[in-house]
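K.L.:
The structure file data17.pdb (PDB, N, CA and C atoms, pLDDT in the B column) is provided below.
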ATOM      1  N   MET A1044       5.342  -6.928  -4.628  1.00 89.00           N
ATOM      2  CA  MET A1044       4.795  -8.087  -5.309  1.00 89.00           C
ATOM      3  C   MET A1044       4.357  -9.117  -4.263  1.00 89.00           C
ATOM      4  N   PRO A1045       3.244  -8.878  -3.564  1.00 95.00           N
ATOM      5  CA  PRO A1045       2.769  -9.813  -2.548  1.00 95.00           C
ATOM      6  C   PRO A1045       2.323 -11.141  -3.156  1.00 95.00           C
ATOM      7  N   ILE A1046       2.654 -12.213  -2.460  1.00 97.00           N
ATOM      8  CA  ILE A1046       2.208 -13.554  -2.832  1.00 97.00           C
ATOM      9  C   ILE A1046       1.517 -14.147  -1.620  1.00 97.00           C
ATOM     10  N   ILE A1047       0.242 -14.511  -1.781  1.00 97.00           N
ATOM     11  CA  ILE A1047      -0.560 -15.072  -0.703  1.00 97.00           C
ATOM     12  C   ILE A1047      -0.796 -16.543  -1.006  1.00 97.00           C
ATOM     13  N   SER A1048      -0.434 -17.404  -0.074  1.00 98.00           N
ATOM     14  CA  SER A1048      -0.654 -18.843  -0.204  1.00 98.00           C
ATOM     15  C   SER A1048      -1.696 -19.278   0.815  1.00 98.00           C
ATOM     16  N   VAL A1049      -2.719 -19.966   0.342  1.00 97.00           N
ATOM     17  CA  VAL A1049      -3.759 -20.500   1.203  1.00 97.00           C
ATOM     18  C   VAL A1049      -3.734 -22.016   1.057  1.00 97.00           C
ATOM     19  N   THR A1050      -3.651 -22.709   2.164  1.00 97.00           N
ATOM     20  CA  THR A1050      -3.675 -24.169   2.139  1.00 97.00           C
ATOM     21  C   THR A1050      -4.944 -24.633   2.831  1.00 97.00           C
ATOM     22  N   THR A1051      -5.675 -25.517   2.165  1.00 94.00           N
ATOM     23  CA  THR A1051      -6.954 -25.991   2.688  1.00 94.00           C
ATOM     24  C   THR A1051      -7.168 -27.433   2.254  1.00 94.00           C
ATOM     25  N   TRP A1052      -8.220 -28.038   2.774  1.00 92.00           N
ATOM     26  CA  TRP A1052      -8.572 -29.381   2.335  1.00 92.00           C
ATOM     27  C   TRP A1052      -9.053 -29.342   0.889  1.00 92.00           C
ATOM     28  N   ASP A1053      -8.930 -30.470   0.227  1.00 92.00           N
ATOM     29  CA  ASP A1053      -9.417 -30.569  -1.149  1.00 92.00           C
ATOM     30  C   ASP A1053     -10.936 -30.575  -1.164  1.00 92.00           C
ATOM     31  N   GLY A1054     -11.490 -30.385  -2.355  1.00 89.00           N
ATOM     32  CA  GLY A1054     -12.935 -30.438  -2.521  1.00 89.00           C
ATOM     33  C   GLY A1054     -13.652 -29.127  -2.264  1.00 89.00           C
ATOM     34  N   GLN A1055     -12.926 -28.026  -2.236  1.00 88.00           N
ATOM     35  CA  GLN A1055     -13.572 -26.728  -2.018  1.00 88.00           C
ATOM     36  C   GLN A1055     -14.388 -26.341  -3.252  1.00 88.00           C
ATOM     37  N   ASP A1056     -15.482 -25.675  -3.036  1.00 93.00           N
ATOM     38  CA  ASP A1056     -16.338 -25.189  -4.104  1.00 93.00           C
ATOM     39  C   ASP A1056     -15.597 -24.113  -4.905  1.00 93.00           C
ATOM     40  N   ASP A1057     -15.605 -24.211  -6.233  1.00 95.00           N
ATOM     41  CA  ASP A1057     -14.879 -23.256  -7.075  1.00 95.00           C
ATOM     42  C   ASP A1057     -15.326 -21.814  -6.858  1.00 95.00           C
ATOM     43  N   ALA A1058     -16.622 -21.595  -6.720  1.00 96.00           N
ATOM     44  CA  ALA A1058     -17.128 -20.234  -6.536  1.00 96.00           C
ATOM     45  C   ALA A1058     -16.630 -19.638  -5.219  1.00 96.00           C
ATOM     46  N   GLN A1059     -16.645 -20.410  -4.157  1.00 94.00           N
ATOM     47  CA  GLN A1059     -16.167 -19.927  -2.866  1.00 94.00           C
ATOM     48  C   GLN A1059     -14.664 -19.670  -2.912  1.00 94.00           C
ATOM     49  N   CYS A1060     -13.945 -20.556  -3.565  1.00 95.00           N
ATOM     50  CA  CYS A1060     -12.500 -20.402  -3.694  1.00 95.00           C
ATOM     51  C   CYS A1060     -12.170 -19.133  -4.477  1.00 95.00           C
ATOM     52  N   ARG A1061     -12.873 -18.886  -5.544  1.00 96.00           N
ATOM     53  CA  ARG A1061     -12.664 -17.676  -6.340  1.00 96.00           C
ATOM     54  C   ARG A1061     -12.968 -16.429  -5.516  1.00 96.00           C
ATOM     55  N   GLU A1062     -14.071 -16.473  -4.766  1.00 97.00           N
ATOM     56  CA  GLU A1062     -14.432 -15.331  -3.923  1.00 97.00           C
ATOM     57  C   GLU A1062     -13.344 -15.071  -2.872  1.00 97.00           C
ATOM     58  N   LEU A1063     -12.830 -16.131  -2.261  1.00 96.00           N
ATOM     59  CA  LEU A1063     -11.768 -15.982  -1.276  1.00 96.00           C
ATOM     60  C   LEU A1063     -10.538 -15.327  -1.903  1.00 96.00           C
ATOM     61  N   MET A1064     -10.134 -15.796  -3.078  1.00 97.00           N
ATOM     62  CA  MET A1064      -8.961 -15.235  -3.744  1.00 97.00           C
ATOM     63  C   MET A1064      -9.178 -13.769  -4.122  1.00 97.00           C
ATOM     64  N   GLU A1065     -10.377 -13.435  -4.591  1.00 97.00           N
ATOM     65  CA  GLU A1065     -10.679 -12.045  -4.945  1.00 97.00           C
ATOM     66  C   GLU A1065     -10.661 -11.141  -3.716  1.00 97.00           C
ATOM     67  N   GLU A1066     -11.247 -11.613  -2.620  1.00 98.00           N
ATOM     68  CA  GLU A1066     -11.283 -10.808  -1.395  1.00 98.00           C
ATOM     69  C   GLU A1066      -9.884 -10.629  -0.807  1.00 98.00           C
ATOM     70  N   LEU A1067      -9.070 -11.668  -0.859  1.00 98.00           N
ATOM     71  CA  LEU A1067      -7.690 -11.538  -0.387  1.00 98.00           C
ATOM     72  C   LEU A1067      -6.921 -10.533  -1.233  1.00 98.00           C
ATOM     73  N   THR A1068      -7.146 -10.585  -2.534  1.00 98.00           N
ATOM     74  CA  THR A1068      -6.487  -9.633  -3.435  1.00 98.00           C
ATOM     75  C   THR A1068      -6.903  -8.204  -3.095  1.00 98.00           C
ATOM     76  N   ARG A1069      -8.204  -7.988  -2.896  1.00 97.00           N
ATOM     77  CA  ARG A1069      -8.688  -6.648  -2.539  1.00 97.00           C
ATOM     78  C   ARG A1069      -8.085  -6.159  -1.219  1.00 97.00           C
ATOM     79  N   ALA A1070      -8.018  -7.061  -0.230  1.00 98.00           N
ATOM     80  CA  ALA A1070      -7.472  -6.679   1.078  1.00 98.00           C
ATOM     81  C   ALA A1070      -5.997  -6.307   0.978  1.00 98.00           C
ATOM     82  N   VAL A1071      -5.240  -7.069   0.213  1.00 98.00           N
ATOM     83  CA  VAL A1071      -3.815  -6.757   0.043  1.00 98.00           C
ATOM     84  C   VAL A1071      -3.652  -5.428  -0.675  1.00 98.00           C
ATOM     85  N   ARG A1072      -4.469  -5.198  -1.684  1.00 98.00           N
ATOM     86  CA  ARG A1072      -4.426  -3.927  -2.427  1.00 98.00           C
ATOM     87  C   ARG A1072      -4.720  -2.759  -1.485  1.00 98.00           C
ATOM     88  N   LYS A1073      -5.763  -2.910  -0.668  1.00 97.00           N
ATOM     89  CA  LYS A1073      -6.169  -1.844   0.244  1.00 97.00           C
ATOM     90  C   LYS A1073      -5.064  -1.520   1.250  1.00 97.00           C
ATOM     91  N   VAL A1074      -4.443  -2.535   1.795  1.00 97.00           N
ATOM     92  CA  VAL A1074      -3.449  -2.342   2.849  1.00 97.00           C
ATOM     93  C   VAL A1074      -2.088  -1.916   2.310  1.00 97.00           C
ATOM     94  N   THR A1075      -1.669  -2.516   1.190  1.00 96.00           N
ATOM     95  CA  THR A1075      -0.305  -2.259   0.691  1.00 96.00           C
ATOM     96  C   THR A1075      -0.246  -1.258  -0.448  1.00 96.00           C
ATOM     97  N   GLY A1076      -1.366  -1.100  -1.165  1.00 97.00           N
ATOM     98  CA  GLY A1076      -1.358  -0.234  -2.332  1.00 97.00           C
ATOM     99  C   GLY A1076      -0.719  -0.875  -3.552  1.00 97.00           C
ATOM    100  N   ALA A1077      -0.393  -2.156  -3.469  1.00 97.00           N
ATOM    101  CA  ALA A1077       0.231  -2.856  -4.604  1.00 97.00           C
ATOM    102  C   ALA A1077      -0.732  -2.895  -5.788  1.00 97.00           C
ATOM    103  N   PRO A1078      -0.210  -2.778  -7.010  1.00 97.00           N
ATOM    104  CA  PRO A1078      -1.060  -2.900  -8.194  1.00 97.00           C
ATOM    105  C   PRO A1078      -1.694  -4.293  -8.247  1.00 97.00           C
ATOM    106  N   LEU A1079      -2.946  -4.347  -8.674  1.00 96.00           N
ATOM    107  CA  LEU A1079      -3.656  -5.630  -8.720  1.00 96.00           C
ATOM    108  C   LEU A1079      -2.906  -6.687  -9.509  1.00 96.00           C
ATOM    109  N   ASP A1080      -2.277  -6.301 -10.623  1.00 96.00           N
ATOM    110  CA  ASP A1080      -1.593  -7.290 -11.453  1.00 96.00           C
ATOM    111  C   ASP A1080      -0.284  -7.777 -10.839  1.00 96.00           C
ATOM    112  N   LYS A1081       0.081  -7.239  -9.676  1.00 97.00           N
ATOM    113  CA  LYS A1081       1.288  -7.685  -8.989  1.00 97.00           C
ATOM    114  C   LYS A1081       0.967  -8.499  -7.732  1.00 97.00           C
ATOM    115  N   ILE A1082      -0.316  -8.719  -7.475  1.00 98.00           N
ATOM    116  CA  ILE A1082      -0.741  -9.491  -6.303  1.00 98.00           C
ATOM    117  C   ILE A1082      -1.101 -10.898  -6.770  1.00 98.00           C
ATOM    118  N   THR A1083      -0.422 -11.877  -6.204  1.00 98.00           N
ATOM    119  CA  THR A1083      -0.659 -13.275  -6.555  1.00 98.00           C
ATOM    120  C   THR A1083      -1.292 -13.991  -5.370  1.00 98.00           C
ATOM    121  N   VAL A1084      -2.360 -14.712  -5.638  1.00 98.00           N
ATOM    122  CA  VAL A1084      -3.003 -15.542  -4.625  1.00 98.00           C
ATOM    123  C   VAL A1084      -3.140 -16.933  -5.218  1.00 98.00           C
ATOM    124  N   TYR A1085      -2.704 -17.938  -4.460  1.00 97.00           N
ATOM    125  CA  TYR A1085      -2.920 -19.297  -4.936  1.00 97.00           C
ATOM    126  C   TYR A1085      -3.386 -20.184  -3.793  1.00 97.00           C
ATOM    127  N   VAL A1086      -4.148 -21.188  -4.168  1.00 96.00           N
ATOM    128  CA  VAL A1086      -4.735 -22.107  -3.196  1.00 96.00           C
ATOM    129  C   VAL A1086      -4.158 -23.490  -3.435  1.00 96.00           C
ATOM    130  N   GLN A1087      -3.641 -24.067  -2.381  1.00 96.00           N
ATOM    131  CA  GLN A1087      -3.156 -25.448  -2.427  1.00 96.00           C
ATOM    132  C   GLN A1087      -4.169 -26.312  -1.681  1.00 96.00           C
ATOM    133  N   GLU A1088      -4.636 -27.336  -2.335  1.00 95.00           N
ATOM    134  CA  GLU A1088      -5.590 -28.227  -1.692  1.00 95.00           C
ATOM    135  C   GLU A1088      -4.887 -29.524  -1.294  1.00 95.00           C
ATOM    136  N   VAL A1089      -5.095 -29.906  -0.046  1.00 97.00           N
ATOM    137  CA  VAL A1089      -4.472 -31.105   0.501  1.00 97.00           C
ATOM    138  C   VAL A1089      -5.572 -32.120   0.796  1.00 97.00           C
ATOM    139  N   PRO A1090      -5.405 -33.368   0.343  1.00 96.00           N
ATOM    140  CA  PRO A1090      -6.407 -34.382   0.662  1.00 96.00           C
ATOM    141  C   PRO A1090      -6.546 -34.543   2.182  1.00 96.00           C
ATOM    142  N   ARG A1091      -7.756 -34.780   2.629  1.00 94.00           N
ATOM    143  CA  ARG A1091      -8.012 -34.914   4.069  1.00 94.00           C
ATOM    144  C   ARG A1091      -7.221 -36.062   4.691  1.00 94.00           C
ATOM    145  N   ASN A1092      -6.922 -37.085   3.887  1.00 95.00           N
ATOM    146  CA  ASN A1092      -6.160 -38.207   4.438  1.00 95.00           C
ATOM    147  C   ASN A1092      -4.657 -37.925   4.470  1.00 95.00           C
ATOM    148  N   ARG A1093      -4.272 -36.703   4.155  1.00 95.00           N
ATOM    149  CA  ARG A1093      -2.873 -36.266   4.239  1.00 95.00           C
ATOM    150  C   ARG A1093      -2.735 -35.049   5.149  1.00 95.00           C
ATOM    151  N   TRP A1094      -3.699 -34.858   6.040  1.00 93.00           N
ATOM    152  CA  TRP A1094      -3.757 -33.679   6.910  1.00 93.00           C
ATOM    153  C   TRP A1094      -4.096 -34.155   8.320  1.00 93.00           C
ATOM    154  N   THR A1095      -3.360 -33.666   9.294  1.00 93.00           N
ATOM    155  CA  THR A1095      -3.711 -33.958  10.681  1.00 93.00           C
ATOM    156  C   THR A1095      -3.720 -32.679  11.501  1.00 93.00           C
ATOM    157  N   GLU A1096      -4.529 -32.691  12.513  1.00 91.00           N
ATOM    158  CA  GLU A1096      -4.527 -31.644  13.540  1.00 91.00           C
ATOM    159  C   GLU A1096      -4.593 -32.365  14.868  1.00 91.00           C
ATOM    160  N   GLY A1097      -3.702 -32.036  15.750  1.00 88.00           N
ATOM    161  CA  GLY A1097      -3.668 -32.709  17.042  1.00 88.00           C
ATOM    162  C   GLY A1097      -3.439 -34.202  16.900  1.00 88.00           C
ATOM    163  N   GLY A1098      -2.823 -34.620  15.807  1.00 90.00           N
ATOM    164  CA  GLY A1098      -2.574 -36.037  15.561  1.00 90.00           C
ATOM    165  C   GLY A1098      -3.751 -36.776  14.966  1.00 90.00           C
ATOM    166  N   ALA A1099      -4.876 -36.100  14.774  1.00 92.00           N
ATOM    167  CA  ALA A1099      -6.072 -36.733  14.211  1.00 92.00           C
ATOM    168  C   ALA A1099      -6.103 -36.512  12.701  1.00 92.00           C
ATOM    169  N   LEU A1100      -6.328 -37.580  11.977  1.00 93.00           N
ATOM    170  CA  LEU A1100      -6.382 -37.535  10.526  1.00 93.00           C
ATOM    171  C   LEU A1100      -7.661 -36.840  10.059  1.00 93.00           C
ATOM    172  N   GLY A1101      -7.542 -35.902   9.131  1.00 93.00           N
ATOM    173  CA  GLY A1101      -8.684 -35.126   8.651  1.00 93.00           C
ATOM    174  C   GLY A1101      -9.801 -35.956   8.061  1.00 93.00           C
ATOM    175  N   SER A1102      -9.487 -37.151   7.558  1.00 94.00           N
ATOM    176  CA  SER A1102     -10.512 -38.003   6.954  1.00 94.00           C
ATOM    177  C   SER A1102     -11.229 -38.875   7.980  1.00 94.00           C
ATOM    178  N   ASP A1103     -10.783 -38.856   9.222  1.00 94.00           N
ATOM    179  CA  ASP A1103     -11.435 -39.637  10.267  1.00 94.00           C
ATOM    180  C   ASP A1103     -12.800 -39.025  10.576  1.00 94.00           C
ATOM    181  N   PRO A1104     -13.867 -39.831  10.575  1.00 94.00           N
ATOM    182  CA  PRO A1104     -15.199 -39.286  10.872  1.00 94.00           C
ATOM    183  C   PRO A1104     -15.277 -38.581  12.232  1.00 94.00           C
ATOM    184  N   GLU A1105     -14.418 -38.948  13.150  1.00 93.00           N
ATOM    185  CA  GLU A1105     -14.403 -38.342  14.477  1.00 93.00           C
ATOM    186  C   GLU A1105     -13.423 -37.169  14.574  1.00 93.00           C
ATOM    187  N   PHE A1106     -12.943 -36.683  13.432  1.00 92.00           N
ATOM    188  CA  PHE A1106     -11.935 -35.624  13.409  1.00 92.00           C
ATOM    189  C   PHE A1106     -12.288 -34.415  14.283  1.00 92.00           C
ATOM    190  N   PRO A1107     -13.512 -33.885  14.218  1.00 91.00           N
ATOM    191  CA  PRO A1107     -13.814 -32.699  15.033  1.00 91.00           C
ATOM    192  C   PRO A1107     -13.575 -32.912  16.528  1.00 91.00           C
ATOM    193  N   VAL A1108     -13.808 -34.128  17.000  1.00 91.00           N
ATOM    194  CA  VAL A1108     -13.607 -34.419  18.416  1.00 91.00           C
ATOM    195  C   VAL A1108     -12.141 -34.786  18.673  1.00 91.00           C
ATOM    196  N   LEU A1109     -11.608 -35.682  17.848  1.00 91.00           N
ATOM    197  CA  LEU A1109     -10.250 -36.178  18.062  1.00 91.00           C
ATOM    198  C   LEU A1109      -9.197 -35.083  17.956  1.00 91.00           C
ATOM    199  N   SER A1110      -9.416 -34.126  17.087  1.00 89.00           N
ATOM    200  CA  SER A1110      -8.405 -33.079  16.884  1.00 89.00           C
ATOM    201  C   SER A1110      -8.342 -32.113  18.063  1.00 89.00           C
ATOM    202  N   ARG A1111      -9.319 -32.172  18.928  1.00 88.00           N
ATOM    203  CA  ARG A1111      -9.365 -31.252  20.074  1.00 88.00           C
ATOM    204  C   ARG A1111      -9.123 -31.938  21.410  1.00 88.00           C
ATOM    205  N   ARG A1112      -8.822 -33.211  21.358  1.00 83.00           N
ATOM    206  CA  ARG A1112      -8.589 -33.933  22.614  1.00 83.00           C
ATOM    207  C   ARG A1112      -7.256 -33.519  23.220  1.00 83.00           C
ATOM    208  N   LEU A1113      -7.181 -33.607  24.478  1.00 68.00           N
ATOM    209  CA  LEU A1113      -5.963 -33.276  25.195  1.00 68.00           C
ATOM    210  C   LEU A1113      -5.308 -34.552  25.689  1.00 68.00           C
ATOM    211  N   THR A1114      -4.202 -34.918  25.089  1.00 62.00           N
ATOM    212  CA  THR A1114      -3.469 -36.093  25.528  1.00 62.00           C
ATOM    213  C   THR A1114      -1.989 -35.767  25.560  1.00 62.00           C
ATOM    214  N   GLU A1115      -1.303 -36.460  26.362  1.00 55.00           N
ATOM    215  CA  GLU A1115       0.159 -36.305  26.475  1.00 55.00           C
ATOM    216  C   GLU A1115       0.793 -37.648  26.294  1.00 55.00           C
TER     217      GLU A1115
END
Step by step, read the file and then write its structure as structure tokens.

P.N.:
Amino acid sequence: MPIISVTTWDGQDDAQCRELMEELTRAVRKVTGAPLDKITVYVQEVPRNRWTEGGALGSDPEFPVLSRRLTE
């Protein structure tokens, strides 16, 4: 009974999210042989202002640069 959890930023397109869940289900089925009705996939969406990478807040307009800076 595989359970796949995907965590991403909020605001994802429903069609893309559905495609991702379907493809993950197919991949788990292919690899494990688990019955489709026993494979669970769920997506948790986190607001960008509640997510950081490298200490940079996801909602910051400079996030792509700030999240990759090297500081100590």

K.L.:
Edge lengths and centre, in Å to one decimal, as lines of an AutoDock Vina configuration file: that's what I need for the box along x, y and z that holds all listed atoms of segment 1058-1071 of chain A plus 3 Å on each side.

P.N.:
center_x = -10.4
center_y = -13.5
center_z = -2.8
size_x = 19.5
size_y = 22.2
size_z = 13.8

K.L.:
Quick one: apply the PyMOL selection byres ((chain A and resi 1089) around 6.5) to the file and drop the selected residues here as a PyMOL selection string.

P.N.:
chain A and resi 1050-1053+1087-1088+1090-1094

K.L.:
Suppose a student applies the PyMOL selection byres ((chain A and resi 1059-1073) around 8) to this structure; what residues should they get, written as a short mmCIF file (atom, residue, chain, number, x, y, z; two decimals) with N, CA and C atoms, in the coordinates of the input?

P.N.:
data_model
loop_
_atom_site.label_atom_id
_atom_site.label_comp_id
_atom_site.auth_asym_id
_atom_site.auth_seq_id
_atom_site.Cartn_x
_atom_site.Cartn_y
_atom_site.Cartn_z
N PRO A 1045 3.24 -8.88 -3.56
CA PRO A 1045 2.77 -9.81 -2.55
C PRO A 1045 2.32 -11.14 -3.16
N ILE A 1047 0.24 -14.51 -1.78
CA ILE A 1047 -0.56 -15.07 -0.70
C ILE A 1047 -0.80 -16.54 -1.01
N GLN A 1055 -12.93 -28.03 -2.24
CA GLN A 1055 -13.57 -26.73 -2.02
C GLN A 1055 -14.39 -26.34 -3.25
N ASP A 1056 -15.48 -25.68 -3.04
CA ASP A 1056 -16.34 -25.19 -4.10
C ASP A 1056 -15.60 -24.11 -4.90
N ASP A 1057 -15.60 -24.21 -6.23
CA ASP A 1057 -14.88 -23.26 -7.08
C ASP A 1057 -15.33 -21.81 -6.86
N ALA A 1058 -16.62 -21.60 -6.72
CA ALA A 1058 -17.13 -20.23 -6.54
C ALA A 1058 -16.63 -19.64 -5.22
N VAL A 1074 -4.44 -2.54 1.80
CA VAL A 1074 -3.45 -2.34 2.85
C VAL A 1074 -2.09 -1.92 2.31
N THR A 1075 -1.67 -2.52 1.19
CA THR A 1075 -0.30 -2.26 0.69
C THR A 1075 -0.25 -1.26 -0.45
N GLY A 1076 -1.37 -1.10 -1.16
CA GLY A 1076 -1.36 -0.23 -2.33
C GLY A 1076 -0.72 -0.88 -3.55
N ALA A 1077 -0.39 -2.16 -3.47
CA ALA A 1077 0.23 -2.86 -4.60
C ALA A 1077 -0.73 -2.90 -5.79
N PRO A 1078 -0.21 -2.78 -7.01
CA PRO A 1078 -1.06 -2.90 -8.19
C PRO A 1078 -1.69 -4.29 -8.25
N LEU A 1079 -2.95 -4.35 -8.67
CA LEU A 1079 -3.66 -5.63 -8.72
C LEU A 1079 -2.91 -6.69 -9.51
N ILE A 1082 -0.32 -8.72 -7.48
CA ILE A 1082 -0.74 -9.49 -6.30
C ILE A 1082 -1.10 -10.90 -6.77
N THR A 1083 -0.42 -11.88 -6.20
CA THR A 1083 -0.66 -13.28 -6.56
C THR A 1083 -1.29 -13.99 -5.37
N VAL A 1084 -2.36 -14.71 -5.64
CA VAL A 1084 -3.00 -15.54 -4.62
C VAL A 1084 -3.14 -16.93 -5.22
N TYR A 1085 -2.70 -17.94 -4.46
CA TYR A 1085 -2.92 -19.30 -4.94
C TYR A 1085 -3.39 -20.18 -3.79
N VAL A 1086 -4.15 -21.19 -4.17
CA VAL A 1086 -4.74 -22.11 -3.20
C VAL A 1086 -4.16 -23.49 -3.44
#

K.L.:
Return as a PyMOL selection string the full set of residues in chain A whose backbone-based DSSP assignment is alpha helix (DSSP H).

P.N.:
chain A and resi 1057-1075+1106-1109

K.L.:
Neighbouring residues of Ser1110 of chain A were defined as those with any atom within 6.5 Å, considering all atoms listed in the file; residues of the same chain fewer than 5 positions away were excluded. Please report them as number ranges by chain.

P.N.:
A: 1096-1099, 1105
